2 protein chains.
Amino acid sequence: MVQKKSVRRPRGRPRAYDPDQALAQATAAFWDAGYSGASLEDLTAATGMNKPSLYGAFGNKHALYMTVLEQYRAMGREAMREALSYELPLADALRRVYARAIEIYTAGGRGARGCFLIGTAATESVLDPKIRRVFADGLHELDAQLEARFTHAMERGELQSGIGAGDLARVACGIMNSLALRARAGDSRRVLEATAEAGVRLLCSLG
Amino acid sequence: MVQKKSVRRPRGRPRAYDPDQALAQATAAFWDAGYSGASLEDLTAATGMNKPSLYGAFGNKHALYMTVLEQYRAMGREAMREALSYELPLADALRRVYARAIEIYTAGGRGARGCFLIGTAATESVLDPKIRRVFADGLHELDAQLEARFTHAMERGELQSGIGAGDLARVACGIMNSLALRARAGDSRRVLEATAEAGVRLLCSLG
DNA sequence: TGATTTATATACCGGACGGTACTAATATTA
DNA sequence: TAATATTAGTACCGTCCGGTATATAAATCA
């Protein structure tokens, strides 16, 4: 009988940190201060790790950031996939999407921080092509998720619009971008929700 | 007869730089790299000034950034005021607004940089309340300009919508935010223009 | 128990950071 | 021309930056 690997400890001194938790705390540090604004000291303080351990686990600052960035994208993709129901009417599906986005954007101990990509990756995107690529991919992936849902609604006869699904998706994505920015600017949850609802009604021709 | 002050030179050694031009070049440096990402060396290289002159003229890095930020806001306000015609039909006025925004967002030597506020101030807004205030004011001022135009269109009977002028304005502002982000992400001008046009048609119920 | 393996912890590296004292240069004023 | 005023330019300040060498601690394996 083979012993479970997760129980059998590896050979050397055990880690004093939980990798997932450390990554989450590094995410928070970057989210607050941005990539350039978060110092290695901020990151070690946030994770509770010392610098050599941080390097051993995640590589240098840029590599750590890229890891965090990809993890955020995966979280966002999954959150959207869950929220963007194909069962509910289009308007309700969009409402769920925006509600979930507002949840994510207004979380955070030091006040709302918006979208991680918009708050940190956008800034670096001009001078850092790798970050720009991930940032653009993140936007376009959301576009694609939304476009598929709009296409579905059109095919089902749930929505007739003179505007193509792709363009509708980019506008719907734009509403979300705006929620992220307004959250980071400190707008109240009520304003965010009203903006989202107005967007839903426009997009679904419920004006 | 009084001699013009602008001709009469002040007492000491004359400046080797043009203050307006220096400020524009500092703007470019911050726009590319963000506030935290732009070093004082970047700023002196961009402006051609040495550090003591830079300090004498504009104060420390934060003060210089705040000056640049306010100047950008003034430029943006004026650009919107010019573009947001009250004579043209609402849809055409919005088209002018977005066209002008795309012009500003895609300018820049090292590639498109989007909106200065979104690309640089948003990132700092979580940890720097003064920057957050200016960022939020910038968003809300654009909201107000757009809301006034929507209100005008409604009063004139040019637009009937179940959505209030304020909410329409925030959505219209969101489209612009999205153009800024997409520009910084590297999206083509064609995509930006298509997104803007879709936004116009939704906002003006031309779907 | 002793060797080996892995991680932690301390202390340090060269360099870049934001910021400034000091000197030299260039103008006006008397 | 001498005195004064204002700027430019150089050189430097202490600190923090990202990153790493080295030593020590804590586990498994034989």
# chains A, B, ... in the order shown; residues from 1 in each chain; ligands from 1

call {"tool": "residues_around", "arguments": {"residues": "DT7 of chain D", "least_positions_apart": "2", "cutoff": "8 Å", "atoms": "only C-alpha atoms (C1' of nucleotides)", "output": "list of chain:residue names"}}
result
B:Gly12, B:Arg13, B:Pro14, B:Arg15, B:Ser53, C:DT26

call {"tool": "closest_atom_pairs", "arguments": {"of": "chain A", "to": "chain C", "cutoff": "12 Å", "atoms": "only C-alpha atoms (C1' of nucleotides)", "output": "tab-separated table"}}
result
residue	atom	partner	partner_atom	distance
A:Arg9	CA	C:DT6	C1'	11.4
A:Pro10	CA	C:DT6	C1'	8.5
A:Arg11	CA	C:DT5	C1'	5.8
A:Gly12	CA	C:DT6	C1'	3.8
A:Arg13	CA	C:DT6	C1'	5.0
A:Pro14	CA	C:DA7	C1'	6.4
A:Arg15	CA	C:DA7	C1'	6.1
A:Ala16	CA	C:DA7	C1'	8.1
A:Tyr17	CA	C:DA7	C1'	10.3
A:Gly48	CA	C:DT8	C1'	11.7
A:Met49	CA	C:DT8	C1'	9.1
A:Asn50	CA	C:DA9	C1'	7.8
A:Lys51	CA	C:DA9	C1'	9.7
A:Pro52	CA	C:DT8	C1'	8.5
A:Ser53	CA	C:DT8	C1'	7.4
A:Leu54	CA	C:DT8	C1'	11.0
A:Tyr55	CA	C:DA7	C1'	11.9
A:Gly56	CA	C:DA7	C1'	9.4
A:Ala57	CA	C:DA7	C1'	10.4

call {"tool": "write_last_selection", "arguments": {"atoms": "N, CA and C atoms", "output": "PDB file, in the first residue's frame"}}
result
ATOM      1  N   ARG A   9       5.851  13.631   4.711  1.00  0.00           N
ATOM      2  CA  ARG A   9       6.569  14.887   4.616  1.00  0.00           C
ATOM      3  C   ARG A   9       7.793  14.757   3.720  1.00  0.00           C
ATOM      4  N   PRO A  10       8.109  15.831   2.980  1.00  0.00           N
ATOM      5  CA  PRO A  10       9.370  15.824   2.230  1.00  0.00           C
ATOM      6  C   PRO A  10      10.553  15.869   3.191  1.00  0.00           C
ATOM      7  N   ARG A  11      11.711  15.792   2.611  1.00  0.00           N
ATOM      8  CA  ARG A  11      12.888  15.449   3.416  1.00  0.00           C
ATOM      9  C   ARG A  11      13.357  16.519   4.405  1.00  0.00           C
ATOM     10  N   GLY A  12      13.531  17.749   3.939  1.00  0.00           N
ATOM     11  CA  GLY A  12      14.214  18.747   4.769  1.00  0.00           C
ATOM     12  C   GLY A  12      13.343  19.455   5.796  1.00  0.00           C
ATOM     13  N   ARG A  13      13.803  20.589   6.197  1.00  0.00           N
ATOM     14  CA  ARG A  13      13.070  21.404   7.171  1.00  0.00           C
ATOM     15  C   ARG A  13      11.731  21.820   6.568  1.00  0.00           C
ATOM     16  N   PRO A  14      10.664  21.738   7.315  1.00  0.00           N
ATOM     17  CA  PRO A  14       9.344  22.075   6.743  1.00  0.00           C
ATOM     18  C   PRO A  14       9.178  23.581   6.570  1.00  0.00           C
ATOM     19  N   ARG A  15       8.362  23.955   5.598  1.00  0.00           N
ATOM     20  CA  ARG A  15       8.074  25.364   5.367  1.00  0.00           C
ATOM     21  C   ARG A  15       7.364  25.982   6.563  1.00  0.00           C
ATOM     22  N   ALA A  16       7.672  27.230   6.803  1.00  0.00           N
ATOM     23  CA  ALA A  16       6.983  27.950   7.883  1.00  0.00           C
ATOM     24  C   ALA A  16       5.789  28.727   7.337  1.00  0.00           C
ATOM     25  N   TYR A  17       5.588  28.659   6.014  1.00  0.00           N
ATOM     26  CA  TYR A  17       4.496  29.415   5.407  1.00  0.00           C
ATOM     27  C   TYR A  17       3.639  28.495   4.555  1.00  0.00           C
ATOM     28  N   GLY A  48       4.969  37.512   5.544  1.00  0.00           N
ATOM     29  CA  GLY A  48       5.619  36.960   6.719  1.00  0.00           C
ATOM     30  C   GLY A  48       6.854  36.150   6.382  1.00  0.00           C
ATOM     31  N   MET A  49       7.187  36.128   5.089  1.00  0.00           N
ATOM     32  CA  MET A  49       8.386  35.375   4.678  1.00  0.00           C
ATOM     33  C   MET A  49       9.589  36.312   4.647  1.00  0.00           C
ATOM     34  N   ASN A  50      10.771  35.746   4.815  1.00  0.00           N
ATOM     35  CA  ASN A  50      11.958  36.560   4.594  1.00  0.00           C
ATOM     36  C   ASN A  50      12.366  36.487   3.127  1.00  0.00           C
ATOM     37  N   LYS A  51      13.255  37.357   2.737  1.00  0.00           N
ATOM     38  CA  LYS A  51      13.535  37.495   1.314  1.00  0.00           C
ATOM     39  C   LYS A  51      14.061  36.217   0.651  1.00  0.00           C
ATOM     40  N   PRO A  52      15.026  35.542   1.251  1.00  0.00           N
ATOM     41  CA  PRO A  52      15.502  34.324   0.586  1.00  0.00           C
ATOM     42  C   PRO A  52      14.397  33.281   0.388  1.00  0.00           C
ATOM     43  N   SER A  53      13.519  33.158   1.368  1.00  0.00           N
ATOM     44  CA  SER A  53      12.418  32.200   1.216  1.00  0.00           C
ATOM     45  C   SER A  53      11.491  32.624   0.076  1.00  0.00           C
ATOM     46  N   LEU A  54      11.230  33.938   0.021  1.00  0.00           N
ATOM     47  CA  LEU A  54      10.376  34.462  -1.040  1.00  0.00           C
ATOM     48  C   LEU A  54      10.985  34.158  -2.408  1.00  0.00           C
ATOM     49  N   TYR A  55      12.285  34.360  -2.513  1.00  0.00           N
ATOM     50  CA  TYR A  55      12.950  34.106  -3.784  1.00  0.00           C
ATOM     51  C   TYR A  55      12.953  32.630  -4.122  1.00  0.00           C
ATOM     52  N   GLY A  56      13.231  31.833  -3.101  1.00  0.00           N
ATOM     53  CA  GLY A  56      13.240  30.397  -3.346  1.00  0.00           C
ATOM     54  C   GLY A  56      11.888  29.895  -3.818  1.00  0.00           C
ATOM     55  N   ALA A  57      10.840  30.475  -3.269  1.00  0.00           N
ATOM     56  CA  ALA A  57       9.496  29.976  -3.569  1.00  0.00           C
ATOM     57  C   ALA A  57       8.967  30.525  -4.893  1.00  0.00           C
TER      58      ALA A  57
END

call {"tool": "interface_residues", "arguments": {"of": "chain A", "to": "chain B", "cutoff": "6 Å", "atoms": "only C-alpha atoms", "output": "list in words"}}
result
Asp32, Gly34, Ser36, Gly37, Gly119, Thr123, Val126, Arg132, Ala136, Ser161, Gly162, Asp167, Gly174, Ile175, Ser178, Ala185, Thr195, Ala198 and Gly207 of chain A

call {"tool": "write_last_selection", "arguments": {"atoms": "N, CA and C atoms", "output": "compact mmCIF listing (two decimals), in the first residue's frame"}}
result
# COMPACT_ATOMS: atom_id res chain seq x y z
N ASP A 32 -2.69 46.92 -3.39
CA ASP A 32 -2.71 48.21 -2.71
C ASP A 32 -1.78 49.22 -3.37
N GLY A 34 0.43 48.79 -6.20
CA GLY A 34 0.90 48.66 -7.58
C GLY A 34 2.20 47.88 -7.63
N SER A 36 5.24 48.75 -9.13
CA SER A 36 6.40 49.58 -8.79
C SER A 36 6.34 50.07 -7.36
N GLY A 37 5.14 50.31 -6.87
CA GLY A 37 4.98 50.88 -5.55
C GLY A 37 5.15 49.90 -4.41
N GLY A 119 -5.85 48.11 -11.78
CA GLY A 119 -5.18 48.91 -10.76
C GLY A 119 -3.67 48.76 -10.75
N THR A 123 -0.93 50.19 -15.44
CA THR A 123 0.13 51.19 -15.29
C THR A 123 1.44 50.72 -15.89
N VAL A 126 2.72 50.13 -20.42
CA VAL A 126 3.39 50.89 -21.47
C VAL A 126 4.85 50.46 -21.62
N ARG A 132 1.85 43.95 -20.36
CA ARG A 132 0.82 44.43 -21.29
C ARG A 132 0.09 43.26 -21.94
N ALA A 136 -3.84 42.75 -21.69
CA ALA A 136 -4.69 42.71 -22.88
C ALA A 136 -5.43 41.38 -22.96
N SER A 161 -30.84 43.14 -31.48
CA SER A 161 -30.11 44.41 -31.45
C SER A 161 -29.44 44.63 -32.79
N GLY A 162 -29.38 45.87 -33.20
CA GLY A 162 -28.64 46.20 -34.41
C GLY A 162 -27.15 46.20 -34.19
N ASP A 167 -19.48 43.86 -30.23
CA ASP A 167 -19.51 45.24 -29.76
C ASP A 167 -20.28 45.37 -28.46
N GLY A 174 -16.78 47.31 -20.77
CA GLY A 174 -16.50 48.69 -20.39
C GLY A 174 -17.23 49.10 -19.12
N ILE A 175 -18.47 48.68 -19.00
CA ILE A 175 -19.21 48.97 -17.76
C ILE A 175 -18.45 48.39 -16.57
N SER A 178 -15.42 50.35 -15.73
CA SER A 178 -15.80 51.57 -15.05
C SER A 178 -16.11 51.31 -13.58
N ALA A 185 -11.63 54.67 -6.96
CA ALA A 185 -11.72 56.11 -6.70
C ALA A 185 -12.50 56.40 -5.42
N THR A 195 -24.93 52.29 -11.47
CA THR A 195 -24.27 52.30 -12.78
C THR A 195 -24.40 50.95 -13.47
N ALA A 198 -27.95 50.50 -14.75
CA ALA A 198 -28.17 51.30 -15.96
C ALA A 198 -27.52 50.61 -17.16
N GLY A 207 -34.43 50.08 -21.84
CA GLY A 207 -34.49 51.52 -21.50
C GLY A 207 -35.90 52.03 -21.61

call {"tool": "atom_distance", "arguments": {"atom1": "atom CA of Glu158 of chain A", "atom2": "atom CA of Glu103 of chain A"}}
result
27.5 Å

call {"tool": "select_by_dssp", "arguments": {"residues": "chain A", "states": "alpha helix (DSSP H)", "output": "VMD selection string"}}
result
chain A and resid 19 to 33 40 to 47 51 to 58 61 to 83 90 to 106 116 122 to 124 129 to 155 165 to 185 189 to 203

call {"tool": "closest_residue", "arguments": {"among": "D:DC29, D:DA5, D:DA11, D:DA23", "to": "chain B", "atoms": "only C-alpha atoms (C1' of nucleotides)"}}
result
D:DA5

call {"tool": "interface_residues", "arguments": {"of": "chain D", "to": "chain A", "cutoff": "6 Å", "atoms": "only C-alpha atoms (C1' of nucleotides)", "output": "ChimeraX atom specification"}}
result
/D:26-28

call {"tool": "residues_around", "arguments": {"residues": "Leu23 of chain A", "least_positions_apart": "2", "cutoff": "12 Å", "atoms": "only C-alpha atoms (C1' of nucleotides)", "output": "MDAnalysis selection string"}}
result
chainID A and resid 17:21 25:31 43:44 46:49 54 57:58 63:72

call {"tool": "atom_distance", "arguments": {"atom1": "atom CA of Glu78 of chain A", "atom2": "atom CA of Met154 of chain A"}}
result
23.6 Å

call {"tool": "atom_distance", "arguments": {"atom1": "atom CA of Gly108 of chain A", "atom2": "atom CA of Ala144 of chain B"}}
result
28.6 Å

call {"tool": "decode", "arguments": {"residues": "chain C", "atoms": "C-alpha atoms (C1' of nucleotides)", "output": "tab-separated table (two decimals), in the first residue's frame"}}
result
chain	number	residue	atom	x	y	z
C	1	DT	C1'	23.30	8.87	15.98
C	2	DG	C1'	25.28	10.96	11.97
C	3	DA	C1'	24.65	12.31	7.18
C	4	DT	C1'	21.73	14.59	4.15
C	5	DT	C1'	18.24	17.68	2.73
C	6	DT	C1'	15.52	21.68	2.83
C	7	DA	C1'	14.15	25.91	4.81
C	8	DT	C1'	14.96	29.95	7.83
C	9	DA	C1'	17.46	33.88	9.45
C	10	DT	C1'	21.02	37.36	9.46
C	11	DA	C1'	23.80	40.24	7.39
C	12	DC	C1'	25.40	42.21	3.61
C	13	DC	C1'	26.11	43.67	-1.58
C	14	DG	C1'	26.37	47.39	-5.23
C	15	DG	C1'	23.39	50.57	-7.02
C	16	DA	C1'	19.53	53.57	-7.47
C	17	DC	C1'	16.40	56.26	-4.77
C	18	DG	C1'	14.64	61.10	-3.45
C	19	DG	C1'	16.61	65.14	-1.96
C	20	DT	C1'	20.17	68.97	-0.98
C	21	DA	C1'	24.58	71.71	0.04
C	22	DC	C1'	27.75	74.09	-2.44
C	23	DT	C1'	29.97	76.26	-6.30
C	24	DA	C1'	30.02	78.35	-10.87
C	25	DA	C1'	27.75	80.92	-14.38
C	26	DT	C1'	24.89	84.67	-16.24
C	27	DA	C1'	21.97	88.16	-16.01
C	28	DT	C1'	20.44	93.09	-14.06
C	29	DT	C1'	21.36	97.16	-11.17
C	30	DA	C1'	23.98	100.86	-9.29
